[in-house]
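Just below is one structure, and these are the notes that go with it.
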Amino acid sequence: MKQERKFPAVTITKKGENWVKGGHPWVYGAEITGQTGAFTDGCIADVFSPKGSWLGAGLYNSKSKIAVRLLSNNANESFGDVFFERRVKYALDYRRTVMGDDFSACRLIFGEADGLPGVTVDRFSDILVAQILSAGMEQRKHIVYRALWEQLRAAGEDIKGIYERNDVAIRELEGLTQYTGWYEDLPHPESCLTEITENGIKYLVDVENGQKTGFFLDQKYNRREIMRLAKGKTVLDCFTHTGSFALNAAAGGAAHVTAVDISQTAVDMAQKNAERNGLEGRMDFLACDVFDLLPALADKKQDVLAKMGVSPRTYDFIILDPPAFTKSRSSVAGAERGYKEINLRAMKLLPRGGYLATCSCSHFMKEELFIKMLNSAARDAGVQLKQIEARQQAPDHPILWNVPETYYLKFYIFQVV
């Protein structure tokens, strides 16, 4: 018998039913076979199986490929303010437990992994940075923001404002516009700059102009492992961005660290961060393309290196933290070639007994494919990889095993033998 509910309803295919019963929170528009009731984009919608069984309810959007983002399969939920306030409380309680002293600089909400689909909120000391990627949560963001503000301040946390970084093209697929700026319904400071401390290292974070939400928090414990291993090493940090891996290596006692990024702006910020921590004496900074630098170093092309302003140096520890080379399934093959190129060159450049840290931050670059690529690069380089550690994103970016999209960061540390 079909269960009656008070929201507009969609009926989905058997394939969609199996998907939902397996715990995945998305219903694709292609799986919808029927609709009843008055729908508006962003409304709560019930989801029914082909035989009329209620499967759950979520946020509907006719403009999105993901037609319903499920919120709960609890039939007693009304999905009012209290529901979303409770989800915020659960997210904050989880971070206090798993992050401990790092609670002042971590991801507070990680979308579907926290039951708040399309919502990302990072904390950088006294500023929160939010990004909303679903129409339903855009309409309810004031509930989430107010709950964060009140719950954090009630716990004695000094939060001064919420900055919105809704400047990503994916919002347009949800029928949303792009914009940035302070959330005006709450107090906020004048400056978009703040300082955080991670692994004992201080960083200036620009929440207005920095990449993504201002700073990459997901690698914090991977960076700490680099700090542990870097003592006495000569380190090349590729794709350094604002210098986080390089700074951890220098703080860990590296003999020398070269930080490289194609962006002069990023390199300038990395140098300022080094000066902020008194580490600039053992570091140098280079703005160039890693895809040009690695082969020039490996092949000892003195003329090419000279044009780059690079002094030839022997490195015994190389870090590869590239941006996501693929953001869709259709470009995975090209991304694999890019990953192999930099890993192959790094393996050739390192001496036997040298160390390599390498990662992929793309969900679409599956772990098994990344491992296959590393094996292929090692074979072509004529080396073997001795695994020291296999790591993932920090626990403030939790992985739900029933939602593979929440697992994206693969991080390996090897000795090259």
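Starting from 1 in every chain, residues are counted up; chains themselves are A, B, ... following the order of the structure tokens, and ligands are numbered from 1 as listed.
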
Could you find all residues in region 290-382 of chain A that DSSP calls strand (DSSP E or B) from the backbone, and write them as a ChimeraX atom specification?
/A:317-320,354-360

Store the residues picked out above in a file with N, CA, C and O atoms, as an mmCIF file, in the first residue's frame.
data_model
loop_
_atom_site.group_PDB
_atom_site.id
_atom_site.type_symbol
_atom_site.label_atom_id
_atom_site.label_comp_id
_atom_site.auth_asym_id
_atom_site.auth_seq_id
_atom_site.Cartn_x
_atom_site.Cartn_y
_atom_site.Cartn_z
ATOM 1 N N PHE A 317 63.877 14.468 -1.588
ATOM 2 C CA PHE A 317 62.482 14.369 -1.149
ATOM 3 C C PHE A 317 61.668 15.279 -2.073
ATOM 4 O O PHE A 317 61.902 16.486 -2.128
ATOM 5 N N ILE A 318 60.731 14.696 -2.818
ATOM 6 C CA ILE A 318 59.871 15.460 -3.725
ATOM 7 C C ILE A 318 58.411 15.282 -3.306
ATOM 8 O O ILE A 318 57.970 14.163 -3.012
ATOM 9 N N ILE A 319 57.692 16.391 -3.284
ATOM 10 C CA ILE A 319 56.272 16.396 -2.922
ATOM 11 C C ILE A 319 55.471 16.843 -4.143
ATOM 12 O O ILE A 319 55.748 17.893 -4.726
ATOM 13 N N LEU A 320 54.484 16.039 -4.526
ATOM 14 C CA LEU A 320 53.608 16.354 -5.653
ATOM 15 C C LEU A 320 52.178 16.500 -5.140
ATOM 16 O O LEU A 320 51.529 15.519 -4.791
ATOM 17 N N GLY A 354 65.681 7.945 -2.165
ATOM 18 C CA GLY A 354 64.971 9.205 -1.988
ATOM 19 C C GLY A 354 63.507 8.981 -1.644
ATOM 20 O O GLY A 354 62.998 7.845 -1.666
ATOM 21 N N TYR A 355 62.813 10.063 -1.326
ATOM 22 C CA TYR A 355 61.436 9.962 -0.847
ATOM 23 C C TYR A 355 60.491 10.746 -1.761
ATOM 24 O O TYR A 355 60.829 11.818 -2.255
ATOM 25 N N LEU A 356 59.308 10.179 -1.946
ATOM 26 C CA LEU A 356 58.289 10.783 -2.802
ATOM 27 C C LEU A 356 56.954 10.793 -2.063
ATOM 28 O O LEU A 356 56.494 9.752 -1.587
ATOM 29 N N ALA A 357 56.347 11.973 -1.962
ATOM 30 C CA ALA A 357 54.968 12.095 -1.487
ATOM 31 C C ALA A 357 54.132 12.542 -2.671
ATOM 32 O O ALA A 357 54.467 13.520 -3.346
ATOM 33 N N THR A 358 53.056 11.833 -2.959
ATOM 34 C CA THR A 358 52.269 12.119 -4.155
ATOM 35 C C THR A 358 50.792 11.921 -3.863
ATOM 36 O O THR A 358 50.417 11.060 -3.054
ATOM 37 N N CYS A 359 49.952 12.713 -4.528
ATOM 38 C CA CYS A 359 48.532 12.615 -4.218
ATOM 39 C C CYS A 359 47.664 13.023 -5.399
ATOM 40 O O CYS A 359 48.132 13.602 -6.377
ATOM 41 N N SER A 360 46.384 12.696 -5.287
ATOM 42 C CA SER A 360 45.353 13.169 -6.206
ATOM 43 C C SER A 360 44.175 13.631 -5.364
ATOM 44 O O SER A 360 43.742 12.927 -4.445
#

Set the distance at 12 Å and use only C-alpha atoms: which residues neighbour Gln151 (chain A) once local chain neighbours fewer than 3 positions away are removed? I'd like the list as number ranges by chain.
A: 85-93, 143-148, 154-159

Please give the complete set of residues from region 58-292 of chain A that DSSP, run on the backbone, assigns to alpha helix (DSSP H), formatted as a PyMOL selection string.
chain A and resi 81-99+135-154+220-229+244-251+264-276+290-292

Can you tell me, as a PyMOL selection string, what residues are no more than 6 Å from region 105-109 of chain A when counting only C-alpha atoms, ignoring any on the same chain fewer than 5 positions away?
chain A and resi 120-125+396

Taking N, CA, C and O atoms for each residue, export the selection above as a short mmCIF file (atom, residue, chain, number, x, y, z; two decimals), in the first residue's frame.
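Wrote it out as part_4.cif, contents follow:
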data_model
loop_
_atom_site.label_atom_id
_atom_site.label_comp_id
_atom_site.auth_asym_id
_atom_site.auth_seq_id
_atom_site.Cartn_x
_atom_site.Cartn_y
_atom_site.Cartn_z
N THR A 120 29.12 23.63 2.17
CA THR A 120 30.48 23.55 2.69
C THR A 120 30.72 24.76 3.57
O THR A 120 30.43 25.89 3.17
N VAL A 121 31.24 24.52 4.78
CA VAL A 121 31.61 25.62 5.66
C VAL A 121 32.96 25.31 6.28
O VAL A 121 33.14 24.27 6.91
N ASP A 122 33.92 26.20 6.05
CA ASP A 122 35.25 26.09 6.66
C ASP A 122 35.42 27.17 7.71
O ASP A 122 34.94 28.30 7.55
N ARG A 123 36.13 26.79 8.77
CA ARG A 123 36.45 27.76 9.81
C ARG A 123 37.91 28.14 9.73
O ARG A 123 38.79 27.27 9.77
N PHE A 124 38.18 29.43 9.63
CA PHE A 124 39.53 29.95 9.68
C PHE A 124 39.60 30.92 10.86
O PHE A 124 39.31 32.11 10.72
N SER A 125 39.89 30.37 12.02
CA SER A 125 39.97 31.15 13.24
C SER A 125 38.64 31.84 13.52
O SER A 125 37.66 31.18 13.87
N ASP A 396 37.94 15.94 9.30
CA ASP A 396 36.93 16.99 9.21
C ASP A 396 36.29 17.01 7.83
O ASP A 396 35.31 17.74 7.62
#

Name all residues at most 9 Å from Arg276 (chain A) (count only C-alpha atoms; drop same-chain ones fewer than 3 positions away) and give them as number ranges by chain.
A: 201-204, 271-273, 279-280

Mind dumping the selected residues with N, CA, C and O atoms as a JSON list (two decimals), in the first residue's frame?
[["chain", "number", "residue", "atom", "x", "y", "z"],
["A", 201, "ILE", "N", 52.34, 26.03, 12.58],
["A", 201, "ILE", "CA", 52.76, 26.99, 11.56],
["A", 201, "ILE", "C", 51.63, 28.00, 11.35],
["A", 201, "ILE", "O", 50.46, 27.64, 11.24],
["A", 202, "LYS", "N", 52.00, 29.27, 11.28],
["A", 202, "LYS", "CA", 51.04, 30.34, 11.10],
["A", 202, "LYS", "C", 50.87, 30.67, 9.61],
["A", 202, "LYS", "O", 51.85, 30.74, 8.87],
["A", 203, "TYR", "N", 49.62, 30.86, 9.21],
["A", 203, "TYR", "CA", 49.31, 31.23, 7.83],
["A", 203, "TYR", "C", 48.37, 32.43, 7.83],
["A", 203, "TYR", "O", 47.42, 32.49, 8.63],
["A", 204, "LEU", "N", 48.61, 33.34, 6.89],
["A", 204, "LEU", "CA", 47.65, 34.40, 6.62],
["A", 204, "LEU", "C", 46.68, 33.88, 5.58],
["A", 204, "LEU", "O", 47.09, 33.44, 4.50],
["A", 271, "GLN", "N", 56.07, 32.84, 0.25],
["A", 271, "GLN", "CA", 57.25, 33.49, 0.82],
["A", 271, "GLN", "C", 56.88, 34.31, 2.05],
["A", 271, "GLN", "O", 57.61, 34.32, 3.05],
["A", 272, "LYS", "N", 55.75, 35.00, 1.99],
["A", 272, "LYS", "CA", 55.31, 35.76, 3.15],
["A", 272, "LYS", "C", 55.01, 34.84, 4.34],
["A", 272, "LYS", "O", 55.30, 35.18, 5.49],
["A", 273, "ASN", "N", 54.42, 33.67, 4.05],
["A", 273, "ASN", "CA", 54.15, 32.72, 5.12],
["A", 273, "ASN", "C", 55.45, 32.19, 5.73],
["A", 273, "ASN", "O", 55.54, 31.96, 6.94],
["A", 279, "LEU", "N", 61.11, 30.99, 8.64],
["A", 279, "LEU", "CA", 61.65, 29.81, 7.96],
["A", 279, "LEU", "C", 62.30, 30.14, 6.62],
["A", 279, "LEU", "O", 62.81, 29.25, 5.93],
["A", 280, "GLU", "N", 62.31, 31.42, 6.24],
["A", 280, "GLU", "CA", 62.76, 31.78, 4.90],
["A", 280, "GLU", "C", 64.24, 31.51, 4.67],
["A", 280, "GLU", "O", 64.68, 31.37, 3.52]]

Which one of A:Met227, A:Leu116, A:Val98, A:Val416 sits closest to Gln384 (chain A) if you count only C-alpha atoms?
A:Val416

Do a neighbour search on region 23-32 of chain A at 10 Å with only C-alpha atoms, toss out local chain neighbours closer than 4 positions, and write the hits as a VMD selection string.
chain A and resid 10 to 19 47 to 50 56 to 73 112 to 113 115 117 400 to 405

Those selected residues, please, written with C-alpha atoms and delivered as a CSV table (one decimal), in the first residue's frame.
chain,number,residue,atom,x,y,z
A,10,VAL,CA,8.3,11.6,-7.1
A,11,THR,CA,8.3,8.0,-8.1
A,12,ILE,CA,11.6,6.5,-9.2
A,13,THR,CA,12.8,3.4,-11.1
A,14,LYS,CA,13.9,0.2,-9.5
A,15,LYS,CA,17.5,1.1,-10.2
A,16,GLY,CA,16.9,4.4,-8.4
A,17,GLU,CA,15.3,2.6,-5.5
A,18,ASN,CA,18.3,0.2,-5.1
A,19,TRP,CA,20.6,3.3,-5.2
A,47,VAL,CA,10.5,9.8,-2.9
A,48,PHE,CA,8.6,6.6,-3.6
A,49,SER,CA,9.5,3.3,-5.0
A,50,PRO,CA,7.8,1.8,-8.2
A,56,GLY,CA,12.7,9.2,2.1
A,57,ALA,CA,12.4,13.0,1.5
A,58,GLY,CA,14.8,15.6,0.2
A,59,LEU,CA,15.3,18.9,-1.7
A,60,TYR,CA,13.9,19.0,-5.2
A,61,ASN,CA,15.3,20.9,-8.1
A,62,SER,CA,14.1,20.6,-11.7
A,63,LYS,CA,17.1,22.4,-13.1
A,64,SER,CA,19.7,20.0,-11.7
A,65,LYS,CA,20.9,16.6,-12.9
A,66,ILE,CA,20.4,15.6,-9.3
A,67,ALA,CA,16.7,16.1,-9.0
A,68,VAL,CA,16.4,15.2,-5.3
A,69,ARG,CA,19.1,15.5,-2.7
A,70,LEU,CA,17.8,13.3,0.1
A,71,LEU,CA,17.8,14.6,3.7
A,72,SER,CA,16.3,11.7,5.7
A,73,ASN,CA,14.4,8.4,5.6
A,112,GLU,CA,26.2,15.2,2.2
A,113,ALA,CA,28.7,13.7,4.7
A,115,GLY,CA,23.4,15.5,6.0
A,117,PRO,CA,23.6,18.5,0.9
A,400,LEU,CA,30.7,8.1,4.0
A,401,TRP,CA,31.3,4.6,2.6
A,402,ASN,CA,27.8,4.6,1.0
A,403,VAL,CA,28.6,7.9,-0.8
A,404,PRO,CA,31.8,7.3,-2.9
A,405,GLU,CA,31.9,11.0,-3.9

What's around region 181-187 of chain A at 9 Å? Count only C-alpha atoms, leave out sequence neighbours fewer than 5 positions away in its own chain, and write the answer as a PyMOL selection string.
chain A and resi 142+145-146+149+160-166+208

Dump as a PDB file, in the first residue's frame, selection limited to C-alpha atoms:
ATOM      1  CA  HIS A 142      19.922  31.486   6.866  1.00  0.00           C
ATOM      2  CA  TYR A 145      24.286  30.250   9.213  1.00  0.00           C
ATOM      3  CA  ARG A 146      22.309  31.361  12.237  1.00  0.00           C
ATOM      4  CA  TRP A 149      26.735  31.529  14.649  1.00  0.00           C
ATOM      5  CA  LYS A 160      33.222  37.528  13.723  1.00  0.00           C
ATOM      6  CA  GLY A 161      31.541  36.869  10.400  1.00  0.00           C
ATOM      7  CA  ILE A 162      30.493  34.488   7.624  1.00  0.00           C
ATOM      8  CA  TYR A 163      31.950  35.092   4.166  1.00  0.00           C
ATOM      9  CA  GLU A 164      30.201  33.502   1.171  1.00  0.00           C
ATOM     10  CA  ARG A 165      32.368  32.102  -1.633  1.00  0.00           C
ATOM     11  CA  ASN A 166      29.604  31.253  -4.071  1.00  0.00           C
ATOM     12  CA  GLU A 208      38.071  36.736  -0.395  1.00  0.00           C
TER      13      GLU A 208
END

Could you pull the residues within 10 Å of Asp218 (chain A), counting only C-alpha atoms, minus those fewer than 3 positions along the same chain, as a list in words?
Cys106, Arg107, Phe215, Tyr221, Asn222, Arg223, Cys361, Gln392, Gln393, Ala394, Pro395, Asp396, His397, Pro398 and Leu409 of chain A

Could you check the closest approach to Phe291 (chain A) for each of A:Leu133, A:Ile342, A:Met269, A:Ala274 and tell me which residue wins, using only C-alpha atoms?
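Among the listed residues, A:Ile342 lies closest to Phe291 (chain A).
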